[in-house]
$ cat coords.cif   # mmCIF, N, CA and C atoms
data_coords
loop_
_atom_site.group_PDB
_atom_site.id
_atom_site.type_symbol
_atom_site.label_atom_id
_atom_site.label_comp_id
_atom_site.auth_asym_id
_atom_site.auth_seq_id
_atom_site.Cartn_x
_atom_site.Cartn_y
_atom_site.Cartn_z
ATOM 1 N N MET G 14 126.366 162.549 42.201
ATOM 2 C CA MET G 14 127.477 162.753 43.125
ATOM 3 C C MET G 14 127.995 161.400 43.601
ATOM 4 N N LEU G 15 129.298 161.240 43.584
ATOM 5 C CA LEU G 15 129.911 159.984 44.023
ATOM 6 C C LEU G 15 130.154 160.015 45.521
ATOM 7 N N LYS G 16 129.966 158.870 46.148
ATOM 8 C CA LYS G 16 130.222 158.746 47.581
ATOM 9 C C LYS G 16 131.619 158.180 47.809
ATOM 10 N N THR G 17 132.254 158.619 48.871
ATOM 11 C CA THR G 17 133.546 158.081 49.281
ATOM 12 C C THR G 17 133.325 156.785 50.034
ATOM 13 N N ASN G 18 134.113 155.759 49.701
ATOM 14 C CA ASN G 18 134.078 154.507 50.442
ATOM 15 C C ASN G 18 134.876 154.712 51.729
ATOM 16 N N LYS G 19 134.184 154.802 52.856
ATOM 17 C CA LYS G 19 134.826 155.152 54.120
ATOM 18 C C LYS G 19 135.782 154.077 54.623
ATOM 19 N N ALA G 20 135.514 152.810 54.313
ATOM 20 C CA ALA G 20 136.406 151.732 54.754
ATOM 21 C C ALA G 20 137.785 151.901 54.134
ATOM 22 N N ILE G 21 137.831 152.310 52.880
ATOM 23 C CA ILE G 21 139.114 152.514 52.208
ATOM 24 C C ILE G 21 139.733 153.840 52.641
ATOM 25 N N ALA G 22 138.915 154.864 52.792
ATOM 26 C CA ALA G 22 139.424 156.176 53.180
ATOM 27 C C ALA G 22 140.107 156.141 54.548
ATOM 28 N N LYS G 23 139.645 155.262 55.437
ATOM 29 C CA LYS G 23 140.252 155.154 56.771
ATOM 30 C C LYS G 23 141.602 154.447 56.730
ATOM 31 N N ARG G 24 141.821 153.596 55.735
ATOM 32 C CA ARG G 24 143.029 152.771 55.692
ATOM 33 C C ARG G 24 144.102 153.294 54.755
ATOM 34 N N VAL G 25 143.744 154.263 53.924
ATOM 35 C CA VAL G 25 144.657 154.751 52.900
ATOM 36 C C VAL G 25 144.861 156.244 53.075
ATOM 37 N N LYS G 26 146.112 156.677 52.910
ATOM 38 C CA LYS G 26 146.437 158.093 53.010
ATOM 39 C C LYS G 26 146.898 158.572 51.639
ATOM 40 N N ILE G 27 146.412 159.737 51.215
ATOM 41 C CA ILE G 27 146.802 160.308 49.930
ATOM 42 C C ILE G 27 147.855 161.372 50.181
ATOM 43 N N SER G 28 148.999 161.251 49.493
ATOM 44 C CA SER G 28 150.077 162.206 49.670
ATOM 45 C C SER G 28 149.803 163.474 48.873
ATOM 46 N N LYS G 29 150.681 164.448 49.043
ATOM 47 C CA LYS G 29 150.552 165.721 48.344
ATOM 48 C C LYS G 29 150.594 165.538 46.832
ATOM 49 N N ASN G 30 151.392 164.576 46.374
ATOM 50 C CA ASN G 30 151.528 164.326 44.939
ATOM 51 C C ASN G 30 150.493 163.349 44.398
ATOM 52 N N GLY G 31 149.589 162.864 45.257
ATOM 53 C CA GLY G 31 148.522 161.986 44.800
ATOM 54 C C GLY G 31 148.814 160.507 44.929
ATOM 55 N N LYS G 32 149.954 160.143 45.537
ATOM 56 C CA LYS G 32 150.262 158.727 45.740
ATOM 57 C C LYS G 32 149.519 158.214 46.967
ATOM 58 N N LEU G 33 149.213 156.923 46.964
ATOM 59 C CA LEU G 33 148.517 156.309 48.092
ATOM 60 C C LEU G 33 149.504 155.518 48.939
ATOM 61 N N SER G 34 149.329 155.563 50.244
ATOM 62 C CA SER G 34 150.167 154.766 51.137
ATOM 63 C C SER G 34 149.277 154.132 52.193
ATOM 64 N N ARG G 35 149.787 153.054 52.787
ATOM 65 C CA ARG G 35 149.040 152.330 53.819
ATOM 66 C C ARG G 35 150.012 151.787 54.837
ATOM 67 N N ARG G 36 149.484 151.384 55.978
ATOM 68 C CA ARG G 36 150.311 150.772 57.014
ATOM 69 C C ARG G 36 150.388 149.273 56.767
ATOM 70 N N PRO G 37 151.492 148.633 57.141
ATOM 71 C CA PRO G 37 151.599 147.179 56.959
ATOM 72 C C PRO G 37 150.635 146.411 57.867
ATOM 73 N N LEU G 38 150.339 145.203 57.481
ATOM 74 C CA LEU G 38 149.466 144.343 58.272
ATOM 75 C C LEU G 38 150.220 143.768 59.463
ATOM 76 N N GLY G 39 149.480 143.347 60.481
ATOM 77 C CA GLY G 39 150.054 142.622 61.608
ATOM 78 C C GLY G 39 150.887 143.473 62.540
ATOM 79 N N GLN G 40 150.376 144.640 62.926
ATOM 80 C CA GLN G 40 151.144 145.518 63.811
ATOM 81 C C GLN G 40 150.601 145.570 65.233
ATOM 82 N N ASN G 41 149.494 144.918 65.505
ATOM 83 C CA ASN G 41 148.833 145.149 66.784
ATOM 84 C C ASN G 41 149.311 144.240 67.914
ATOM 85 N N HIS G 42 149.374 142.939 67.678
ATOM 86 C CA HIS G 42 149.805 142.042 68.746
ATOM 87 C C HIS G 42 150.495 140.833 68.129
ATOM 88 N N TYR G 43 151.021 139.961 68.975
ATOM 89 C CA TYR G 43 151.827 138.795 68.572
ATOM 90 C C TYR G 43 153.086 139.240 67.838
ATOM 91 N N LYS G 44 153.702 140.315 68.306
ATOM 92 C CA LYS G 44 154.891 140.815 67.628
ATOM 93 C C LYS G 44 156.178 140.287 68.232
ATOM 94 N N SER G 45 156.106 139.628 69.389
ATOM 95 C CA SER G 45 157.330 139.190 70.048
ATOM 96 C C SER G 45 158.019 138.070 69.278
ATOM 97 N N LYS G 46 157.255 137.319 68.495
ATOM 98 C CA LYS G 46 157.866 136.228 67.731
ATOM 99 C C LYS G 46 158.578 136.715 66.473
ATOM 100 N N LEU G 47 158.340 137.970 66.080
ATOM 101 C CA LEU G 47 158.993 138.501 64.886
ATOM 102 C C LEU G 47 160.411 138.943 65.219
ATOM 103 N N SER G 48 161.277 138.916 64.224
ATOM 104 C CA SER G 48 162.634 139.410 64.421
ATOM 105 C C SER G 48 162.597 140.939 64.467
ATOM 106 N N GLY G 49 163.664 141.527 64.967
ATOM 107 C CA GLY G 49 163.736 142.985 65.042
ATOM 108 C C GLY G 49 163.658 143.629 63.676
ATOM 109 N N GLU G 50 164.268 142.975 62.696
ATOM 110 C CA GLU G 50 164.252 143.525 61.336
ATOM 111 C C GLU G 50 162.832 143.551 60.772
ATOM 112 N N GLN G 51 162.063 142.484 61.041
ATOM 113 C CA GLN G 51 160.680 142.451 60.561
ATOM 114 C C GLN G 51 159.847 143.539 61.234
ATOM 115 N N ASN G 52 160.072 143.744 62.538
ATOM 116 C CA ASN G 52 159.337 144.786 63.248
ATOM 117 C C ASN G 52 159.673 146.167 62.705
ATOM 118 N N GLN G 53 160.941 146.394 62.383
ATOM 119 C CA GLN G 53 161.346 147.687 61.838
ATOM 120 C C GLN G 53 160.689 147.940 60.490
ATOM 121 N N LYS G 54 160.612 146.907 59.668
ATOM 122 C CA LYS G 54 160.011 147.063 58.342
ATOM 123 C C LYS G 54 158.530 147.396 58.440
ATOM 124 N N LYS G 55 157.879 146.924 59.493
ATOM 125 C CA LYS G 55 156.446 147.188 59.647
ATOM 126 C C LYS G 55 156.158 148.600 60.135
ATOM 127 N N ARG G 56 157.181 149.352 60.499
ATOM 128 C CA ARG G 56 156.971 150.734 60.918
ATOM 129 C C ARG G 56 156.881 151.677 59.729
ATOM 130 N N ARG G 57 157.300 151.229 58.570
ATOM 131 C CA ARG G 57 157.298 152.086 57.383
ATOM 132 C C ARG G 57 155.992 151.938 56.615
ATOM 133 N N ASP G 58 155.594 153.017 55.960
ATOM 134 C CA ASP G 58 154.405 152.957 55.116
ATOM 135 C C ASP G 58 154.712 152.185 53.844
ATOM 136 N N LEU G 59 153.705 151.509 53.330
ATOM 137 C CA LEU G 59 153.837 150.771 52.082
ATOM 138 C C LEU G 59 153.056 151.488 50.993
ATOM 139 N N GLY G 60 153.478 151.283 49.766
ATOM 140 C CA GLY G 60 152.777 151.869 48.635
ATOM 141 C C GLY G 60 151.905 150.837 47.955
ATOM 142 N N PHE G 61 151.324 151.226 46.837
ATOM 143 C CA PHE G 61 150.490 150.349 46.019
ATOM 144 C C PHE G 61 151.053 150.313 44.608
ATOM 145 N N THR G 62 150.662 149.299 43.853
ATOM 146 C CA THR G 62 151.012 149.275 42.445
ATOM 147 C C THR G 62 150.146 150.310 41.717
ATOM 148 N N LYS G 63 150.548 150.674 40.522
ATOM 149 C CA LYS G 63 149.799 151.690 39.774
ATOM 150 C C LYS G 63 148.382 151.229 39.464
ATOM 151 N N VAL G 64 148.231 149.931 39.189
ATOM 152 C CA VAL G 64 146.901 149.396 38.895
ATOM 153 C C VAL G 64 146.008 149.502 40.128
ATOM 154 N N ASP G 65 146.547 149.120 41.294
ATOM 155 C CA ASP G 65 145.763 149.203 42.526
ATOM 156 C C ASP G 65 145.424 150.650 42.876
ATOM 157 N N GLU G 66 146.382 151.561 42.654
ATOM 158 C CA GLU G 66 146.129 152.966 42.953
ATOM 159 C C GLU G 66 144.957 153.497 42.139
ATOM 160 N N LYS G 67 144.910 153.122 40.879
ATOM 161 C CA LYS G 67 143.829 153.609 40.007
ATOM 162 C C LYS G 67 142.471 153.137 40.528
ATOM 163 N N VAL G 68 142.396 151.872 40.941
ATOM 164 C CA VAL G 68 141.137 151.329 41.460
ATOM 165 C C VAL G 68 140.763 152.005 42.778
ATOM 166 N N LEU G 69 141.741 152.150 43.684
ATOM 167 C CA LEU G 69 141.450 152.730 44.994
ATOM 168 C C LEU G 69 141.068 154.198 44.890
ATOM 169 N N LYS G 70 141.669 154.920 43.962
ATOM 170 C CA LYS G 70 141.313 156.335 43.814
ATOM 171 C C LYS G 70 139.876 156.510 43.342
ATOM 172 N N SER G 71 139.350 155.519 42.641
ATOM 173 C CA SER G 71 137.953 155.615 42.219
ATOM 174 C C SER G 71 137.011 155.489 43.417
ATOM 175 N N PHE G 72 137.467 154.875 44.498
ATOM 176 C CA PHE G 72 136.660 154.746 45.712
ATOM 177 C C PHE G 72 136.765 156.007 46.588
ATOM 178 N N ILE G 73 137.766 156.847 46.300
ATOM 179 C CA ILE G 73 137.956 158.080 47.074
ATOM 180 C C ILE G 73 137.902 159.245 46.087
ATOM 181 N N PRO G 74 136.728 159.585 45.581
ATOM 182 C CA PRO G 74 136.647 160.569 44.510
ATOM 183 C C PRO G 74 137.000 162.010 44.941
ATOM 184 N N HIS G 75 136.814 162.335 46.211
ATOM 185 C CA HIS G 75 137.038 163.696 46.662
ATOM 186 C C HIS G 75 138.374 163.854 47.375
ATOM 187 N N GLY G 76 139.174 162.797 47.445
ATOM 188 C CA GLY G 76 140.498 162.879 48.057
ATOM 189 C C GLY G 76 140.470 163.106 49.542
ATOM 190 N N ASN G 77 139.537 162.492 50.245
ATOM 191 C CA ASN G 77 139.427 162.668 51.697
ATOM 192 C C ASN G 77 140.550 161.990 52.414
#
$ encode --input "coords.cif" --output "structure tokens"
Amino acid sequence: MLKTNKAIAKRVKISKNGKLSRRPLGQNHYKSKLSGEQNQKKRRDLGFTKVDEKVLKSFIPHGN
């Protein structure tokens, strides 16, 4: 039986179609120096490349 890597499972969300998404880095503090456009972009989820998705899915075998 394969174990789920919990560190990755907490940071990655699996969509209904099986795509992986994550939140952008640098959202917690020191945001006042960023422009409004940069802050807006950090509110959107980011995807992964197909190669990265394949590797990350192997760490989440049960789709948690």
$ select_by_dssp --input "coords.cif" --residues "chain G" --states "strand (DSSP E or B)" --output "list in words"
Lys26, Ile27, Leu33, Ser34, Arg35, Leu59 and Gly60 of chain G
$ write_last_selection --input "coords.cif" --atoms "N, CA and C atoms" --output "tab-separated table (two decimals), in the coordinates of the input"
chain	number	residue	atom	x	y	z
G	26	LYS	N	146.11	156.68	52.91
G	26	LYS	CA	146.44	158.09	53.01
G	26	LYS	C	146.90	158.57	51.64
G	27	ILE	N	146.41	159.74	51.22
G	27	ILE	CA	146.80	160.31	49.93
G	27	ILE	C	147.85	161.37	50.18
G	33	LEU	N	149.21	156.92	46.96
G	33	LEU	CA	148.52	156.31	48.09
G	33	LEU	C	149.50	155.52	48.94
G	34	SER	N	149.33	155.56	50.24
G	34	SER	CA	150.17	154.77	51.14
G	34	SER	C	149.28	154.13	52.19
G	35	ARG	N	149.79	153.05	52.79
G	35	ARG	CA	149.04	152.33	53.82
G	35	ARG	C	150.01	151.79	54.84
G	59	LEU	N	153.71	151.51	53.33
G	59	LEU	CA	153.84	150.77	52.08
G	59	LEU	C	153.06	151.49	50.99
G	60	GLY	N	153.48	151.28	49.77
G	60	GLY	CA	152.78	151.87	48.64
G	60	GLY	C	151.90	150.84	47.96
$ atom_distance --input "coords.cif" --atom1 "CA of Lys55 (chain G)" --atom2 "CA of Leu33 (chain G)"
16.7 Å
$ select_by_dssp --input "coords.cif" --residues "chain G" --states "helix (DSSP H, G or I)" --output "ChimeraX atom specification"
/G:19-24,49-54,63-72
$ residues_near_point --input "coords.cif" --point "(147.4, 156.0, 53.4)" --cutoff "6.5 Å" --atoms "only N, CA and C atoms" --output "PyMOL selection string"
chain G and resi 24-27+33-36
$ atom_distance --input "coords.cif" --atom1 "CA of Lys54 (chain G)" --atom2 "CA of Pro37 (chain G)"
8.5 Å
$ atom_distance --input "coords.cif" --atom1 "atom C of Lys32 (chain G)" --atom2 "atom N of Met14 (chain G)"
24.0 Å
$ resolve_selection --input "coords.cif" --expression "the PyMOL selection byres ((chain G and resi 76) around 8)" --output "PDB file with N, CA and C atoms, keeping the file's coordinate frame"
ATOM      1  N   THR G  17     132.254 158.619  48.871  1.00  0.00           N
ATOM      2  CA  THR G  17     133.546 158.081  49.281  1.00  0.00           C
ATOM      3  C   THR G  17     133.325 156.785  50.034  1.00  0.00           C
ATOM      4  N   ALA G  22     138.915 154.864  52.792  1.00  0.00           N
ATOM      5  CA  ALA G  22     139.424 156.176  53.180  1.00  0.00           C
ATOM      6  C   ALA G  22     140.107 156.141  54.548  1.00  0.00           C
ATOM      7  N   ILE G  27     146.412 159.737  51.215  1.00  0.00           N
ATOM      8  CA  ILE G  27     146.802 160.308  49.930  1.00  0.00           C
ATOM      9  C   ILE G  27     147.855 161.372  50.181  1.00  0.00           C
ATOM     10  N   LYS G  70     141.669 154.920  43.962  1.00  0.00           N
ATOM     11  CA  LYS G  70     141.313 156.335  43.814  1.00  0.00           C
ATOM     12  C   LYS G  70     139.876 156.510  43.342  1.00  0.00           C
ATOM     13  N   PHE G  72     137.467 154.875  44.498  1.00  0.00           N
ATOM     14  CA  PHE G  72     136.660 154.746  45.712  1.00  0.00           C
ATOM     15  C   PHE G  72     136.765 156.007  46.588  1.00  0.00           C
ATOM     16  N   ILE G  73     137.766 156.847  46.300  1.00  0.00           N
ATOM     17  CA  ILE G  73     137.956 158.080  47.074  1.00  0.00           C
ATOM     18  C   ILE G  73     137.902 159.245  46.087  1.00  0.00           C
ATOM     19  N   PRO G  74     136.728 159.585  45.581  1.00  0.00           N
ATOM     20  CA  PRO G  74     136.647 160.569  44.510  1.00  0.00           C
ATOM     21  C   PRO G  74     137.000 162.010  44.941  1.00  0.00           C
ATOM     22  N   HIS G  75     136.814 162.335  46.211  1.00  0.00           N
ATOM     23  CA  HIS G  75     137.038 163.696  46.662  1.00  0.00           C
ATOM     24  C   HIS G  75     138.374 163.854  47.375  1.00  0.00           C
ATOM     25  N   ASN G  77     139.537 162.492  50.245  1.00  0.00           N
ATOM     26  CA  ASN G  77     139.427 162.668  51.697  1.00  0.00           C
ATOM     27  C   ASN G  77     140.550 161.990  52.414  1.00  0.00           C
TER      28      ASN G  77
END
$ resolve_selection --input "coords.cif" --expression "the PyMOL selection byres (((chain G and resi 56 and name CA) around 12) and name CA)" --output "ChimeraX atom specification"
/G:35-41,49-55,57-59
$ write_last_selection --input "coords.cif" --atoms "N, CA and C atoms" --output "compact mmCIF listing (two decimals), in the coordinates of the input"
# COMPACT_ATOMS: atom_id res chain seq x y z
N ARG G 35 149.79 153.05 52.79
CA ARG G 35 149.04 152.33 53.82
C ARG G 35 150.01 151.79 54.84
N ARG G 36 149.48 151.38 55.98
CA ARG G 36 150.31 150.77 57.01
C ARG G 36 150.39 149.27 56.77
N PRO G 37 151.49 148.63 57.14
CA PRO G 37 151.60 147.18 56.96
C PRO G 37 150.64 146.41 57.87
N LEU G 38 150.34 145.20 57.48
CA LEU G 38 149.47 144.34 58.27
C LEU G 38 150.22 143.77 59.46
N GLY G 39 149.48 143.35 60.48
CA GLY G 39 150.05 142.62 61.61
C GLY G 39 150.89 143.47 62.54
N GLN G 40 150.38 144.64 62.93
CA GLN G 40 151.14 145.52 63.81
C GLN G 40 150.60 145.57 65.23
N ASN G 41 149.49 144.92 65.50
CA ASN G 41 148.83 145.15 66.78
C ASN G 41 149.31 144.24 67.91
N GLY G 49 163.66 141.53 64.97
CA GLY G 49 163.74 142.99 65.04
C GLY G 49 163.66 143.63 63.68
N GLU G 50 164.27 142.98 62.70
CA GLU G 50 164.25 143.52 61.34
C GLU G 50 162.83 143.55 60.77
N GLN G 51 162.06 142.48 61.04
CA GLN G 51 160.68 142.45 60.56
C GLN G 51 159.85 143.54 61.23
N ASN G 52 160.07 143.74 62.54
CA ASN G 52 159.34 144.79 63.25
C ASN G 52 159.67 146.17 62.70
N GLN G 53 160.94 146.39 62.38
CA GLN G 53 161.35 147.69 61.84
C GLN G 53 160.69 147.94 60.49
N LYS G 54 160.61 146.91 59.67
CA LYS G 54 160.01 147.06 58.34
C LYS G 54 158.53 147.40 58.44
N LYS G 55 157.88 146.92 59.49
CA LYS G 55 156.45 147.19 59.65
C LYS G 55 156.16 148.60 60.14
N ARG G 57 157.30 151.23 58.57
CA ARG G 57 157.30 152.09 57.38
C ARG G 57 155.99 151.94 56.62
N ASP G 58 155.59 153.02 55.96
CA ASP G 58 154.40 152.96 55.12
C ASP G 58 154.71 152.18 53.84
N LEU G 59 153.71 151.51 53.33
CA LEU G 59 153.84 150.77 52.08
C LEU G 59 153.06 151.49 50.99
$ decode --input "coords.cif" --residues "region 38-64 of chain G" --atoms "N, CA and C atoms" --output "tab-separated table (two decimals), in the first residue's frame"
chain	number	residue	atom	x	y	z
G	38	LEU	N	3.26	31.77	-4.10
G	38	LEU	CA	4.13	32.03	-2.95
G	38	LEU	C	4.03	33.49	-2.54
G	39	GLY	N	4.39	33.78	-1.29
G	39	GLY	CA	4.52	35.15	-0.81
G	39	GLY	C	3.20	35.86	-0.61
G	40	GLN	N	2.24	35.21	0.04
G	40	GLN	CA	0.93	35.84	0.25
G	40	GLN	C	0.69	36.27	1.69
G	41	ASN	N	1.60	35.98	2.59
G	41	ASN	CA	1.28	36.17	4.00
G	41	ASN	C	1.60	37.56	4.54
G	42	HIS	N	2.80	38.06	4.28
G	42	HIS	CA	3.14	39.38	4.80
G	42	HIS	C	4.13	40.04	3.86
G	43	TYR	N	4.48	41.29	4.15
G	43	TYR	CA	5.34	42.13	3.29
G	43	TYR	C	4.69	42.35	1.93
G	44	LYS	N	3.37	42.55	1.92
G	44	LYS	CA	2.68	42.73	0.65
G	44	LYS	C	2.52	44.19	0.28
G	45	SER	N	2.81	45.11	1.19
G	45	SER	CA	2.57	46.52	0.90
G	45	SER	C	3.52	47.05	-0.16
G	46	LYS	N	4.69	46.42	-0.28
G	46	LYS	CA	5.64	46.89	-1.29
G	46	LYS	C	5.30	46.42	-2.70
G	47	LEU	N	4.38	45.46	-2.82
G	47	LEU	CA	4.00	44.96	-4.14
G	47	LEU	C	3.00	45.91	-4.78
G	48	SER	N	2.98	45.93	-6.10
G	48	SER	CA	1.99	46.73	-6.81
G	48	SER	C	0.64	46.03	-6.71
G	49	GLY	N	-0.41	46.78	-7.00
G	49	GLY	CA	-1.76	46.20	-6.95
G	49	GLY	C	-1.92	45.06	-7.93
G	50	GLU	N	-1.29	45.20	-9.09
G	50	GLU	CA	-1.40	44.15	-10.11
G	50	GLU	C	-0.74	42.86	-9.63
G	51	GLN	N	0.41	42.98	-8.96
G	51	GLN	CA	1.08	41.79	-8.44
G	51	GLN	C	0.23	41.12	-7.36
G	52	ASN	N	-0.40	41.93	-6.50
G	52	ASN	CA	-1.25	41.37	-5.46
G	52	ASN	C	-2.45	40.65	-6.06
G	53	GLN	N	-3.03	41.21	-7.11
G	53	GLN	CA	-4.17	40.58	-7.76
G	53	GLN	C	-3.78	39.24	-8.36
G	54	LYS	N	-2.61	39.18	-8.97
G	54	LYS	CA	-2.16	37.94	-9.60
G	54	LYS	C	-1.94	36.84	-8.56
G	55	LYS	N	-1.58	37.23	-7.35
G	55	LYS	CA	-1.33	36.23	-6.31
G	55	LYS	C	-2.62	35.67	-5.71
G	56	ARG	N	-3.76	36.23	-6.07
G	56	ARG	CA	-5.03	35.70	-5.58
G	56	ARG	C	-5.50	34.52	-6.41
G	57	ARG	N	-4.94	34.33	-7.58
G	57	ARG	CA	-5.37	33.25	-8.47
G	57	ARG	C	-4.55	32.00	-8.22
G	58	ASP	N	-5.18	30.85	-8.44
G	58	ASP	CA	-4.46	29.59	-8.33
G	58	ASP	C	-3.53	29.41	-9.52
G	59	LEU	N	-2.42	28.75	-9.28
G	59	LEU	CA	-1.46	28.45	-10.34
G	59	LEU	C	-1.51	26.97	-10.66
G	60	GLY	N	-1.14	26.63	-11.88
G	60	GLY	CA	-1.10	25.24	-12.28
G	60	GLY	C	0.33	24.73	-12.27
G	61	PHE	N	0.51	23.51	-12.74
G	61	PHE	CA	1.82	22.88	-12.85
G	61	PHE	C	2.03	22.46	-14.30
G	62	THR	N	3.29	22.22	-14.65
G	62	THR	CA	3.57	21.65	-15.95
G	62	THR	C	3.17	20.17	-15.93
G	63	LYS	N	3.03	19.58	-17.10
G	63	LYS	CA	2.61	18.18	-17.16
G	63	LYS	C	3.62	17.25	-16.50
G	64	VAL	N	4.91	17.59	-16.65
G	64	VAL	CA	5.95	16.77	-16.03
G	64	VAL	C	5.84	16.83	-14.51
